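To start, the structure itself, in structure tokens.
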Amino acid sequence: MGWIPVTKAAGTAGNAEGNTKLNAFDNALLAAGIGNINLVRISSILPPGVDLVPLPRIKPGAIVPTAYAAQTSEVPGEVIAAAVGWARPGDAGKNGVIMEFHDKATREEAERMIVQMLEEAFKVRGEHIREMGVFAAEHRVERTGCAVAAVTLLAPDDLG
Amino acid sequence: MGWIPVTKAAGTAGNAEGNTKLNAFDNALLAAGIGNINLVRISSILPPGVDLVPLPRIKPGAIVPTAYAAQTSEVPGEVIAAAVGWARPGDAGKNGVIMEFHDKATREEAERMIVQMLEEAFKVRGEHIREMGVFAAEHRVERTGCAVAAVTLLAPDDLG
Amino acid sequence: MGWIPVTKAAGTAGNAEGNTKLNAFDNALLAAGIGNINLVRISSILPPGVDLVPLPRIKPGAIVPTAYAAQTSEVPGEVIAAAVGWARPGDAGKNGVIMEFHDKATREEAERMIVQMLEEAFKVRGEHIREMGVFAAEHRVERTGCAVAAVTLLAPDDLG
């Protein structure tokens, strides 16, 4: 398929206020460093053999398969969080798994849920987690706020 | 576009319990045989000329355009269902249509809705259905359950 | 990535009734001229350098990255609207932004929200809007109605 080859994956998270829910989401994506690319939601597998890297510079407008979570709220004072995490087994020929979480919650609660979900995902697959990465953002809403977390899957052409 | 050429389509369905809603979804995808690939949601056309095949082995992590329905519930005893169906006209140069349904419902109800929706979709297009396939799963919730149904669009590179 | 090169973008909108919510959505997409293609939702950037064109003929079944908004309602008499808009800065090397809106609202309200959201998106990016396009549809529900609006991103292979 055209989206092959995905060779890298990078996680990130961010949070922000905005004047509308969609602007808060847009601003949170900008805070996370992925506000000028096109996210295409995937559910949610880490392909075998990809390199996990710090978020690189991605070409503006690139269309990027991404597992992401977002929580938006218009309740002042509310604490919201979004988290994503990847885990993979020792066998480099096998895929990993990505999990997402978003809710009225703290960052710690979100991170804990990600780990728990990844552990169940590996248990049902009969695999053991060898590596794991979790990315989370928490936001205390002022007026209209958003927290996002994402794992992007990147091809060489997306960079630069 | 990069996703050309999609050459095959395959339907499937599955259901499962999990410790969280997302794990139940993940487990239902595994039960359906598509738990280790990346689904990208499409709305929802069967391209002309594709071969309808039994679900093949798909490369782990492949990014696969998929029309899917999912129903998750945390109400013990509740019966939930998800269904998808494709239909296509006699003219092989014309596209078919895919419809999705998910609800508190039985498998039979879900299947009936799919057929009704496909019939309307063909009526408004001025076409007659020559072939149809429906895939459905029903689940009686124990604690946290999910039913999923999907039609995947596959390129040669996705297989193997 | 496989989806490169997107070279054109085209906006459209439509509205319709249907016997189910999904058929109303399908019918609204047909009214908008994008009912026989596969929409893949993106969030929501106009790549640099694309040509903004009137909606061309797109190959049936093509898998098209699309920013879209849809509002469906089963409340007779209710007025619903969906709108999308793109804006871009003077510097052709920089990306533009796409915003979506859908609600119980009139077409004028939806269009106003799009402009407001685009203005905020440019303000936070430190850019000025040089060009803008807004596409909106309004629908007064008879029984089950839908309004959709979309900006499609097109590659040369998608046309024809």
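In the structure tokens, the first chain shown is A, the next is B, and so on; residue numbers restart at 1 for each chain, and ligands run from 1 in the order shown.
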Contacts between chain C and chain B, please, where a residue of chain B counts if it comes within 9 Å (with only C-alpha atoms); show its shortest atom pair and distance in Å to one decimal, rows by chain and ascending number, as JSON lines.
```
{"residue": "B:Met1", "atom": "CA", "partner": "C:Asp157", "partner_atom": "CA", "distance": 5.3}
{"residue": "B:Gly2", "atom": "CA", "partner": "C:Gly2", "partner_atom": "CA", "distance": 3.9}
{"residue": "B:Trp3", "atom": "CA", "partner": "C:Gly2", "partner_atom": "CA", "distance": 6.7}
{"residue": "B:Ile4", "atom": "CA", "partner": "C:Ala62", "partner_atom": "CA", "distance": 7.8}
{"residue": "B:Val40", "atom": "CA", "partner": "C:Val40", "partner_atom": "CA", "distance": 7.4}
{"residue": "B:Arg41", "atom": "CA", "partner": "C:Val40", "partner_atom": "CA", "distance": 6.4}
{"residue": "B:Ile42", "atom": "CA", "partner": "C:Val40", "partner_atom": "CA", "distance": 5.1}
{"residue": "B:Ser43", "atom": "CA", "partner": "C:Asn38", "partner_atom": "CA", "distance": 5.2}
{"residue": "B:Ser44", "atom": "CA", "partner": "C:Asn38", "partner_atom": "CA", "distance": 5.4}
{"residue": "B:Ile45", "atom": "CA", "partner": "C:Asn38", "partner_atom": "CA", "distance": 5.5}
{"residue": "B:Leu46", "atom": "CA", "partner": "C:Gly61", "partner_atom": "CA", "distance": 6.0}
{"residue": "B:Pro47", "atom": "CA", "partner": "C:Gly61", "partner_atom": "CA", "distance": 4.0}
{"residue": "B:Pro48", "atom": "CA", "partner": "C:Gly61", "partner_atom": "CA", "distance": 6.7}
{"residue": "B:Pro65", "atom": "CA", "partner": "C:Ile63", "partner_atom": "CA", "distance": 8.1}
{"residue": "B:Gly93", "atom": "CA", "partner": "C:Pro60", "partner_atom": "CA", "distance": 8.9}
{"residue": "B:Lys94", "atom": "CA", "partner": "C:Pro60", "partner_atom": "CA", "distance": 7.2}
{"residue": "B:Asn95", "atom": "CA", "partner": "C:Pro60", "partner_atom": "CA", "distance": 5.8}
{"residue": "B:Gly96", "atom": "CA", "partner": "C:Gly61", "partner_atom": "CA", "distance": 8.2}
{"residue": "B:Val97", "atom": "CA", "partner": "C:Asn36", "partner_atom": "CA", "distance": 7.9}
{"residue": "B:Met99", "atom": "CA", "partner": "C:Leu22", "partner_atom": "CA", "distance": 7.8}
{"residue": "B:Glu100", "atom": "CA", "partner": "C:Leu22", "partner_atom": "CA", "distance": 8.1}
{"residue": "B:Phe101", "atom": "CA", "partner": "C:Leu22", "partner_atom": "CA", "distance": 8.7}
{"residue": "B:Met117", "atom": "CA", "partner": "C:Asn23", "partner_atom": "CA", "distance": 6.4}
{"residue": "B:Leu118", "atom": "CA", "partner": "C:Asn23", "partner_atom": "CA", "distance": 8.6}
{"residue": "B:Glu120", "atom": "CA", "partner": "C:Asn23", "partner_atom": "CA", "distance": 7.1}
{"residue": "B:Ala121", "atom": "CA", "partner": "C:Asn23", "partner_atom": "CA", "distance": 6.7}
{"residue": "B:Val124", "atom": "CA", "partner": "C:Asn27", "partner_atom": "CA", "distance": 7.6}
{"residue": "B:Arg125", "atom": "CA", "partner": "C:Leu30", "partner_atom": "CA", "distance": 8.7}
```
Can I get the selection written as a short mmCIF file (atom, residue, chain, number, x, y, z; two decimals), in the first residue's frame, with N, CA, C and O atoms?
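As a result, part_17.cif now contains:
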```cif
data_model
loop_
_atom_site.label_atom_id
_atom_site.label_comp_id
_atom_site.auth_asym_id
_atom_site.auth_seq_id
_atom_site.Cartn_x
_atom_site.Cartn_y
_atom_site.Cartn_z
N MET B 1 -3.37 8.19 -6.24
CA MET B 1 -3.03 8.35 -4.83
C MET B 1 -2.29 7.13 -4.33
O MET B 1 -2.42 6.05 -4.89
N GLY B 2 -1.57 7.29 -3.29
CA GLY B 2 -0.73 6.21 -2.80
C GLY B 2 -1.50 4.94 -2.49
O GLY B 2 -0.97 3.85 -2.57
N TRP B 3 -2.77 5.08 -2.08
CA TRP B 3 -3.50 3.89 -1.69
C TRP B 3 -3.94 3.05 -2.88
O TRP B 3 -4.44 1.95 -2.70
N ILE B 4 -3.85 3.55 -4.09
CA ILE B 4 -4.09 2.72 -5.25
C ILE B 4 -2.88 1.83 -5.41
O ILE B 4 -1.77 2.29 -5.21
N VAL B 40 -7.76 2.26 9.12
CA VAL B 40 -8.06 3.66 8.83
C VAL B 40 -9.49 3.70 8.32
O VAL B 40 -9.83 3.07 7.32
N ARG B 41 -10.33 4.43 9.05
CA ARG B 41 -11.76 4.42 8.74
C ARG B 41 -12.03 5.12 7.40
O ARG B 41 -11.51 6.20 7.13
N ILE B 42 -12.84 4.49 6.57
CA ILE B 42 -13.30 5.10 5.33
C ILE B 42 -14.82 5.15 5.34
O ILE B 42 -15.49 4.39 6.02
N SER B 43 -15.34 6.10 4.55
CA SER B 43 -16.80 6.18 4.41
C SER B 43 -17.12 6.21 2.93
O SER B 43 -16.73 7.13 2.27
N SER B 44 -17.74 5.22 2.44
CA SER B 44 -17.66 3.78 2.57
C SER B 44 -18.11 3.22 1.23
O SER B 44 -19.26 2.87 1.02
N ILE B 45 -17.16 3.18 0.34
CA ILE B 45 -17.42 2.80 -1.05
C ILE B 45 -16.56 1.59 -1.41
O ILE B 45 -15.38 1.54 -1.07
N LEU B 46 -17.16 0.63 -2.10
CA LEU B 46 -16.41 -0.51 -2.62
C LEU B 46 -15.89 -0.14 -4.00
O LEU B 46 -16.69 0.06 -4.94
N PRO B 47 -14.57 0.00 -4.17
CA PRO B 47 -14.05 0.41 -5.47
C PRO B 47 -14.43 -0.59 -6.57
O PRO B 47 -14.60 -1.78 -6.29
N PRO B 48 -14.58 -0.10 -7.79
CA PRO B 48 -14.91 -1.01 -8.89
C PRO B 48 -13.81 -2.04 -9.09
O PRO B 48 -12.64 -1.74 -8.93
N PRO B 65 -7.26 0.73 4.74
CA PRO B 65 -8.53 1.45 4.68
C PRO B 65 -9.68 0.49 4.96
O PRO B 65 -9.78 -0.56 4.30
N GLY B 93 -17.62 -1.74 -13.92
CA GLY B 93 -16.94 -0.45 -13.93
C GLY B 93 -17.47 0.52 -12.89
O GLY B 93 -16.91 1.61 -12.70
N LYS B 94 -18.57 0.12 -12.24
CA LYS B 94 -19.17 1.02 -11.26
C LYS B 94 -18.85 0.57 -9.85
O LYS B 94 -18.71 -0.62 -9.57
N ASN B 95 -18.76 1.54 -8.95
CA ASN B 95 -18.45 1.22 -7.56
C ASN B 95 -19.65 0.58 -6.85
O ASN B 95 -20.80 0.80 -7.22
N GLY B 96 -19.34 -0.17 -5.83
CA GLY B 96 -20.35 -0.63 -4.89
C GLY B 96 -20.41 0.30 -3.69
O GLY B 96 -19.78 1.36 -3.66
N VAL B 97 -21.19 -0.11 -2.70
CA VAL B 97 -21.39 0.70 -1.50
C VAL B 97 -21.18 -0.21 -0.28
O VAL B 97 -21.46 -1.42 -0.34
N MET B 99 -22.10 -0.35 3.93
CA MET B 99 -22.87 0.27 5.01
C MET B 99 -22.48 -0.36 6.34
O MET B 99 -22.11 -1.54 6.39
N GLU B 100 -22.58 0.45 7.40
CA GLU B 100 -22.21 -0.01 8.75
C GLU B 100 -23.38 0.23 9.71
O GLU B 100 -24.14 1.18 9.55
N PHE B 101 -23.45 -0.63 10.72
CA PHE B 101 -24.49 -0.49 11.74
C PHE B 101 -23.96 -1.01 13.07
O PHE B 101 -23.30 -2.05 13.12
N MET B 117 -30.31 -0.52 4.36
CA MET B 117 -29.51 0.66 4.02
C MET B 117 -28.84 0.51 2.65
O MET B 117 -28.77 1.47 1.88
N LEU B 118 -28.36 -0.71 2.36
CA LEU B 118 -27.77 -0.94 1.04
C LEU B 118 -28.82 -0.77 -0.06
O LEU B 118 -28.54 -0.20 -1.12
N GLU B 120 -31.46 1.13 -0.03
CA GLU B 120 -31.72 2.56 -0.27
C GLU B 120 -30.55 3.21 -1.02
O GLU B 120 -30.76 4.02 -1.93
N ALA B 121 -29.32 2.82 -0.66
CA ALA B 121 -28.16 3.41 -1.32
C ALA B 121 -28.15 3.10 -2.82
O ALA B 121 -27.72 3.92 -3.64
N VAL B 124 -31.14 5.16 -4.63
CA VAL B 124 -30.84 6.57 -4.92
C VAL B 124 -29.79 6.71 -6.02
O VAL B 124 -29.74 7.74 -6.70
N ARG B 125 -28.98 5.68 -6.20
CA ARG B 125 -27.99 5.72 -7.29
C ARG B 125 -28.55 5.20 -8.62
O ARG B 125 -27.84 5.20 -9.63
#
```
Checklist entry - Per DSSP on the backbone, what are the strand (DSSP E or B) residues of range 21-101 of chain B, as a ChimeraX atom specification? => result /B:38-41,43,45-46,51-52,58,63-73,79-88,96-101
Writer output for current selection, N, CA and C atoms, as a short mmCIF file (atom, residue, chain, number, x, y, z; two decimals), in the first residue's frame:
```cif
data_model
loop_
_atom_site.label_atom_id
_atom_site.label_comp_id
_atom_site.auth_asym_id
_atom_site.auth_seq_id
_atom_site.Cartn_x
_atom_site.Cartn_y
_atom_site.Cartn_z
N ASN B 38 -3.42 -1.77 11.31
CA ASN B 38 -3.91 -0.42 11.56
C ASN B 38 -5.12 -0.15 10.67
N LEU B 39 -6.27 0.00 11.29
CA LEU B 39 -7.47 0.35 10.54
C LEU B 39 -7.53 1.85 10.35
N VAL B 40 -7.76 2.26 9.12
CA VAL B 40 -8.06 3.66 8.83
C VAL B 40 -9.49 3.70 8.32
N ARG B 41 -10.33 4.43 9.05
CA ARG B 41 -11.76 4.42 8.74
C ARG B 41 -12.03 5.12 7.40
N SER B 43 -15.34 6.10 4.55
CA SER B 43 -16.80 6.18 4.41
C SER B 43 -17.12 6.21 2.93
N ILE B 45 -17.16 3.18 0.34
CA ILE B 45 -17.42 2.80 -1.05
C ILE B 45 -16.56 1.59 -1.41
N LEU B 46 -17.16 0.63 -2.10
CA LEU B 46 -16.41 -0.51 -2.62
C LEU B 46 -15.89 -0.14 -4.00
N ASP B 51 -11.66 -7.77 -6.00
CA ASP B 51 -12.07 -9.15 -5.71
C ASP B 51 -12.53 -9.26 -4.27
N LEU B 52 -13.71 -9.80 -4.05
CA LEU B 52 -14.16 -10.10 -2.69
C LEU B 52 -13.60 -11.44 -2.29
N ILE B 58 -2.93 -10.67 6.67
CA ILE B 58 -2.50 -9.30 6.38
C ILE B 58 -1.24 -9.01 7.19
N ILE B 63 -1.35 -0.60 7.14
CA ILE B 63 -2.31 0.50 7.30
C ILE B 63 -3.40 0.28 6.26
N VAL B 64 -4.57 -0.12 6.73
CA VAL B 64 -5.59 -0.68 5.85
C VAL B 64 -6.88 0.15 5.88
N PRO B 65 -7.26 0.73 4.74
CA PRO B 65 -8.53 1.45 4.68
C PRO B 65 -9.68 0.49 4.96
N THR B 66 -10.49 0.81 5.92
CA THR B 66 -11.49 -0.13 6.40
C THR B 66 -12.79 0.59 6.76
N ALA B 67 -13.89 0.05 6.29
CA ALA B 67 -15.20 0.51 6.77
C ALA B 67 -15.58 -0.39 7.93
N TYR B 68 -15.81 0.21 9.09
CA TYR B 68 -16.12 -0.66 10.23
C TYR B 68 -17.13 -0.05 11.17
N ALA B 69 -17.76 -0.96 11.91
CA ALA B 69 -18.72 -0.59 12.93
C ALA B 69 -18.31 -1.28 14.21
N ALA B 70 -18.48 -0.59 15.34
CA ALA B 70 -18.15 -1.18 16.63
C ALA B 70 -19.15 -0.70 17.66
N GLN B 71 -19.59 -1.60 18.50
CA GLN B 71 -20.47 -1.25 19.62
C GLN B 71 -19.84 -1.80 20.89
N THR B 72 -19.64 -0.94 21.85
CA THR B 72 -19.06 -1.34 23.13
C THR B 72 -20.07 -1.06 24.24
N SER B 73 -20.10 -1.92 25.23
CA SER B 73 -21.06 -1.73 26.33
C SER B 73 -20.48 -2.23 27.63
N VAL B 79 -27.38 -7.07 25.03
CA VAL B 79 -27.02 -7.69 23.74
C VAL B 79 -26.70 -6.57 22.75
N ILE B 80 -25.49 -6.63 22.22
CA ILE B 80 -25.03 -5.61 21.28
C ILE B 80 -24.62 -6.27 19.98
N ALA B 81 -24.66 -5.49 18.92
CA ALA B 81 -24.27 -6.05 17.62
C ALA B 81 -23.61 -4.99 16.76
N ALA B 82 -22.76 -5.46 15.87
CA ALA B 82 -22.15 -4.62 14.84
C ALA B 82 -22.23 -5.38 13.53
N ALA B 83 -22.49 -4.65 12.46
CA ALA B 83 -22.58 -5.29 11.14
C ALA B 83 -22.08 -4.34 10.07
N VAL B 84 -21.54 -4.93 9.04
CA VAL B 84 -21.20 -4.20 7.82
C VAL B 84 -21.67 -5.02 6.63
N GLY B 85 -21.90 -4.35 5.54
CA GLY B 85 -22.26 -5.08 4.34
C GLY B 85 -21.84 -4.31 3.11
N TRP B 86 -21.51 -5.05 2.08
CA TRP B 86 -21.19 -4.42 0.80
C TRP B 86 -22.20 -4.94 -0.23
N ALA B 87 -22.42 -4.10 -1.22
CA ALA B 87 -23.24 -4.53 -2.36
C ALA B 87 -22.66 -3.88 -3.60
N ARG B 88 -22.80 -4.57 -4.73
CA ARG B 88 -22.34 -3.92 -5.96
C ARG B 88 -23.25 -4.23 -7.13
N GLY B 96 -19.34 -0.17 -5.83
CA GLY B 96 -20.35 -0.63 -4.89
C GLY B 96 -20.41 0.30 -3.69
N VAL B 97 -21.19 -0.11 -2.70
CA VAL B 97 -21.39 0.70 -1.50
C VAL B 97 -21.18 -0.21 -0.28
N ILE B 98 -20.67 0.36 0.79
CA ILE B 98 -20.53 -0.36 2.06
C ILE B 98 -21.35 0.38 3.12
N MET B 99 -22.10 -0.35 3.93
CA MET B 99 -22.87 0.27 5.01
C MET B 99 -22.48 -0.36 6.34
N GLU B 100 -22.58 0.45 7.40
CA GLU B 100 -22.21 -0.01 8.75
C GLU B 100 -23.38 0.23 9.71
N PHE B 101 -23.45 -0.63 10.72
CA PHE B 101 -24.49 -0.49 11.74
C PHE B 101 -23.96 -1.01 13.07
#
```
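Computed from the coordinates, the CA of Glu119 in chain B to CA of Ala28 in chain B distance equals 28.0 Å.
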Item to check | d(CA of Glu78 in chain B, CA of Gly145 in chain B) in Å | outcome: 9.2 Å
Item to check | Residue with smallest distance to Ala136 in chain B - pool B:Gly49, B:Pro54, B:Gly14, B:Pro89, counting only C-alpha atoms | outcome: B:Gly14
Checklist entry - Distance CA of His139 in chain B-CA of Glu109 in chain B, one decimal place? => result 13.0 Å
